[in-house]
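Engineer: Before I ask anything, let me first share the structure, which is written out below as structure tokens.
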Amino acid sequence: MHAQMTLNEVITRTPLQHNRVLSGRYNCNVLLKREDLQVVRSFKIRGAYHRIRTLPPEELVKGVVCASAGNHAQGVAYSCQTLGIRGKIFMPSTTPRQKVTQVEFFGGSQVDIVLIGDTYDDAYAEAVKQCERSGAAFIHPFDDPAIIAGNGTVGKEIMDATDTLPDYVFVTVGGGGLAAGVASYIKAVSPRTRIIGVEPEGAASLEMSLRAGKVTPLDTIDKFVDGAAVKRIGDLTFAICRELLDDVVLVPEGKACTTLLSLYNENAIVAEPAGALAVAALDLYREEIEGKTVVCIISGGNNDVDRMQEMKERSLIYEGLKHYFTVNFPQRTGALREFLDEVLGPNDDIVRFEYTKTHNKENGPALVGIELKYREDYSGLIGRMKARGYQFVELNKDPVLFDLLI
């Protein structure tokens with residue numbers, strides 16, 4: 001494969017590892033393709049380097065431009081530094097600082113970084129304008145045949161490394177470049193292998209387009225899974241994914257956080273939210289994969305440690321272990337003590353409390369965060385609050401109030 005020969009100059013052939021914990025949990029043979037161990041800690045170097053190496057010398061003189069939420073930018077930056085060419089990289093202003101710092105590290109003096117807009121799509125628009133002004137080549141993060149071919153080497157390495165053909169391959173879908181490349185190679189070698197695309201629930205651009213029957217941009221997205229938070233899947237990647245993917249499943253952002261934390265605590269694997277999606281999807285296929293050989297692609301490990309508290313919070317909320325309320329407490333001595341003694345269960349813990357006393361009202365509202373040890377304790381907590389006549393609002397069930405107060 002030409003792309004593999006080109007990439008041998010620069011990439012790491014990442015391991016395909018049997019995972020004992022996940023194999024036992026799902027009663028199957030789970031293999032993890034560890035692209036988090038890639039030279040730039042994600043698969044993106046494959047497509048970026050391959051695309052740049054296909055440019056003629058006269059175009060390389062003008063440099064390259066890209067737009068990225070982080071991982072593609074690192075791949076382009078590393079390629080610019082390795083090949084000695086100039087690069088200008090546009091990134092959303094919401095990109096985690098850790099990824100910006102890594103782009104600076106990999107690109108060095110060869111690369112200029114511009115932070116602009118709130119989403120990848122904003123950065124993309126500015127990058128295109130820059131190409132029109134400068135004549136530099138645009139290195140698309142996913143919707144380009146050379147990008148897709150480079151990413152397809154992940155599929156080749158999977159098939160080269162396993163003695164038995166995988167029954168299932170789970171792959172993250174953002175813009176679709178990885179899924180299109182992996183599916184193109186694996187389906188050509190093993191048509192019976194089922195390829196399952198996995199999207200974040202809050203940015204399901206492929207699922208939306210499949211339902212519409214054509215590429216359909218999302219109006220809004222949840223940017224939390226930044227490595228896969230794309231409003232619009234590519235035209236070429238959509239055509240390939242529609243043809244070759246056997247299914248597309250959606251993973252809630254909180255579930256991705258739970259999986260990410262489990263990968264770290266149980267396997268010492270540092271995945272980013274997008275990198276954990278493939279493993280998170282196993283729960284949705286638990287019955288189908290029993291007794292099978294299953295590959296999950298850990299697409300990246302560029303995680304910012306400053307985000308870990310937020311990830312734990314999202315995980316606890318998703319698992320039903322943390323709940324927020326506004327509660328009206330009577331403004332009299334001992335009201336809070338009564339709540340602690342009569343409402344909280346023996347394993348419940350108050351983890352946030354903001355109480356405002358008012359002088360012209362009988363009652364004062366409080367913001368109360370409660371963490372449970374077992375999700376089954378939730379009904380008892382609600383029952384005791386109602387039985388004792390507390391007026392409360394469950395913020396977890398009110399997205400507007402939750403975003404405002406939490």
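Simple scheme: letters A, B, ... for chains in structure tokens order, numbers from 1 for residues in each chain, numbers from 1 for ligands in the order shown.
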Which residues are close to Arg46 (chain A), i.e. within 8 Å by only C-alpha atoms, leaving aside same-chain residues fewer than 6 positions away? Reply as a ChimeraX atom specification.

Structural biologist: /A:7,11,75,147,150-151,153

Engineer: Run DSSP on the backbone and grab whatever in region 54-199 of chain A lands in helix (DSSP H, G or I); send it over as number ranges by chain.

Structural biologist: A: 57-60, 71-83, 97-110, 120-134, 145-161, 177-189

Engineer: Calculate how many Å separate CA of Leu405 (chain A) from CA of Pro365 (chain A), rounding to one decimal.

Structural biologist: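 Interatomic distance here is 12.6 Å.
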
Engineer: Report the residues of region 211-250 of chain A whose backbone DSSP state falls under strand (DSSP E), written as a short mmCIF file (atom, residue, chain, number, x, y, z; two decimals) with all heavy atoms, in the first residue's frame.

Structural biologist:
```
data_model
loop_
_atom_site.label_atom_id
_atom_site.label_comp_id
_atom_site.auth_asym_id
_atom_site.auth_seq_id
_atom_site.Cartn_x
_atom_site.Cartn_y
_atom_site.Cartn_z
N ASP A 247 -23.24 0.04 10.79
CA ASP A 247 -24.14 0.68 11.75
C ASP A 247 -23.45 1.93 12.29
O ASP A 247 -22.21 2.07 12.21
CB ASP A 247 -24.45 -0.27 12.91
CG ASP A 247 -25.62 0.20 13.78
OD1 ASP A 247 -26.33 1.13 13.35
OD2 ASP A 247 -25.80 -0.37 14.87
N VAL A 248 -24.25 2.85 12.79
CA VAL A 248 -23.74 4.04 13.47
C VAL A 248 -24.47 4.15 14.80
O VAL A 248 -25.71 4.10 14.84
CB VAL A 248 -23.96 5.32 12.64
CG1 VAL A 248 -23.48 6.55 13.42
CG2 VAL A 248 -23.23 5.23 11.31
N VAL A 249 -23.73 4.25 15.90
CA VAL A 249 -24.34 4.36 17.22
C VAL A 249 -23.89 5.66 17.87
O VAL A 249 -22.81 6.19 17.57
CB VAL A 249 -23.98 3.16 18.12
CG1 VAL A 249 -24.56 1.88 17.54
CG2 VAL A 249 -22.48 3.02 18.30
N LEU A 250 -24.72 6.15 18.77
CA LEU A 250 -24.46 7.42 19.46
C LEU A 250 -24.15 7.16 20.92
O LEU A 250 -24.85 6.39 21.60
CB LEU A 250 -25.67 8.36 19.34
CG LEU A 250 -26.22 8.60 17.93
CD1 LEU A 250 -27.33 9.64 17.97
CD2 LEU A 250 -25.12 9.01 16.97
#
```

Engineer: May I have the residues within 10 Å of region 342-358 of chain A as JSON, numbers by chain, using only C-alpha atoms and disregarding those fewer than 3 positions away in the same chain?

Structural biologist: {"A": [321, 322, 323, 324, 325, 326, 327, 328, 329, 330, 331, 336, 337, 338, 339, 361, 362, 363, 364, 365, 366, 367, 368, 369, 370, 371, 372, 373, 374, 377, 378, 380, 381, 382, 383, 384, 385, 386, 387, 388, 390]}

Engineer: Considering only C-alpha atoms, return as an MDAnalysis selection string whatever protein or nucleic-acid residues lie within 7 Å of Val171 (chain A), sequence-local ones (same chain, fewer than 4 positions apart) excluded.

Structural biologist: chainID A and resid 179 196:198 278 296:297

Engineer: Next, write the just-selected residues to a file, as a PDB file, in the first residue's frame, keeping all heavy atoms as the atom set.

Structural biologist:
```pdb
ATOM      1  N   ALA A 179     -13.029   6.695   9.938  1.00  0.00           N
ATOM      2  CA  ALA A 179     -13.983   5.627   9.638  1.00  0.00           C
ATOM      3  C   ALA A 179     -13.964   5.266   8.156  1.00  0.00           C
ATOM      4  O   ALA A 179     -13.989   4.087   7.789  1.00  0.00           O
ATOM      5  CB  ALA A 179     -15.388   6.058  10.059  1.00  0.00           C
ATOM      6  N   ILE A 196     -18.516  -0.550  12.828  1.00  0.00           N
ATOM      7  CA  ILE A 196     -19.505   0.222  13.569  1.00  0.00           C
ATOM      8  C   ILE A 196     -18.945   1.622  13.829  1.00  0.00           C
ATOM      9  O   ILE A 196     -17.937   1.780  14.519  1.00  0.00           O
ATOM     10  CB  ILE A 196     -19.862  -0.443  14.919  1.00  0.00           C
ATOM     11  CG1 ILE A 196     -20.158  -1.933  14.721  1.00  0.00           C
ATOM     12  CG2 ILE A 196     -21.019   0.304  15.579  1.00  0.00           C
ATOM     13  CD1 ILE A 196     -21.317  -2.228  13.797  1.00  0.00           C
ATOM     14  N   GLY A 197     -19.582   2.625  13.266  1.00  0.00           N
ATOM     15  CA  GLY A 197     -19.189   4.006  13.525  1.00  0.00           C
ATOM     16  C   GLY A 197     -19.790   4.491  14.826  1.00  0.00           C
ATOM     17  O   GLY A 197     -20.942   4.176  15.150  1.00  0.00           O
ATOM     18  N   VAL A 198     -19.011   5.265  15.580  1.00  0.00           N
ATOM     19  CA  VAL A 198     -19.460   5.741  16.894  1.00  0.00           C
ATOM     20  C   VAL A 198     -19.333   7.260  16.953  1.00  0.00           C
ATOM     21  O   VAL A 198     -18.230   7.802  16.800  1.00  0.00           O
ATOM     22  CB  VAL A 198     -18.638   5.110  18.037  1.00  0.00           C
ATOM     23  CG1 VAL A 198     -19.272   5.444  19.383  1.00  0.00           C
ATOM     24  CG2 VAL A 198     -18.516   3.599  17.858  1.00  0.00           C
ATOM     25  N   ALA A 278     -15.157   4.536  21.040  1.00  0.00           N
ATOM     26  CA  ALA A 278     -15.268   3.178  20.503  1.00  0.00           C
ATOM     27  C   ALA A 278     -15.475   2.158  21.617  1.00  0.00           C
ATOM     28  O   ALA A 278     -16.279   1.233  21.497  1.00  0.00           O
ATOM     29  CB  ALA A 278     -14.022   2.839  19.682  1.00  0.00           C
ATOM     30  N   CYS A 296     -11.440  -2.212  19.018  1.00  0.00           N
ATOM     31  CA  CYS A 296     -11.813  -0.828  19.312  1.00  0.00           C
ATOM     32  C   CYS A 296     -10.595   0.055  19.046  1.00  0.00           C
ATOM     33  O   CYS A 296      -9.509  -0.216  19.567  1.00  0.00           O
ATOM     34  CB  CYS A 296     -12.247  -0.655  20.764  1.00  0.00           C
ATOM     35  SG  CYS A 296     -13.769  -1.507  21.199  1.00  0.00           S
ATOM     36  N   ILE A 297     -10.795   1.081  18.246  1.00  0.00           N
ATOM     37  CA  ILE A 297      -9.692   1.992  17.937  1.00  0.00           C
ATOM     38  C   ILE A 297      -9.687   3.133  18.942  1.00  0.00           C
ATOM     39  O   ILE A 297     -10.633   3.923  18.999  1.00  0.00           O
ATOM     40  CB  ILE A 297      -9.812   2.544  16.510  1.00  0.00           C
ATOM     41  CG1 ILE A 297      -9.813   1.387  15.497  1.00  0.00           C
ATOM     42  CG2 ILE A 297      -8.676   3.521  16.200  1.00  0.00           C
ATOM     43  CD1 ILE A 297     -10.111   1.819  14.065  1.00  0.00           C
TER      44      ILE A 297
END
```

Engineer: For Arg192 (chain A), find every residue with an atom within 10 Å (counting only C-alpha atoms), except residues of its own chain fewer than 6 positions away, and show them as a VMD selection string.

Structural biologist: chain A and resid 165 to 168 186

Engineer: Give me a file of those residues, with N, CA, C and O atoms, as an mmCIF file, in the first residue's frame.

Structural biologist:
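part.cif written:
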```
data_model
loop_
_atom_site.group_PDB
_atom_site.id
_atom_site.type_symbol
_atom_site.label_atom_id
_atom_site.label_comp_id
_atom_site.auth_asym_id
_atom_site.auth_seq_id
_atom_site.Cartn_x
_atom_site.Cartn_y
_atom_site.Cartn_z
ATOM 1 N N LEU A 165 -9.578 -12.951 11.655
ATOM 2 C CA LEU A 165 -10.274 -11.777 11.149
ATOM 3 C C LEU A 165 -11.237 -11.260 12.215
ATOM 4 O O LEU A 165 -12.017 -12.042 12.790
ATOM 5 N N PRO A 166 -11.210 -9.969 12.505
ATOM 6 C CA PRO A 166 -12.130 -9.439 13.524
ATOM 7 C C PRO A 166 -13.575 -9.530 13.065
ATOM 8 O O PRO A 166 -13.883 -9.360 11.882
ATOM 9 N N ASP A 167 -14.458 -9.803 14.020
ATOM 10 C CA ASP A 167 -15.891 -9.830 13.714
ATOM 11 C C ASP A 167 -16.468 -8.414 13.709
ATOM 12 O O ASP A 167 -17.372 -8.119 12.924
ATOM 13 N N TYR A 168 -15.929 -7.570 14.598
ATOM 14 C CA TYR A 168 -16.408 -6.189 14.707
ATOM 15 C C TYR A 168 -15.221 -5.248 14.846
ATOM 16 O O TYR A 168 -14.231 -5.574 15.520
ATOM 17 N N ILE A 186 -10.529 -2.439 5.430
ATOM 18 C CA ILE A 186 -10.948 -3.688 6.063
ATOM 19 C C ILE A 186 -12.045 -4.387 5.258
ATOM 20 O O ILE A 186 -12.028 -5.622 5.101
#
```
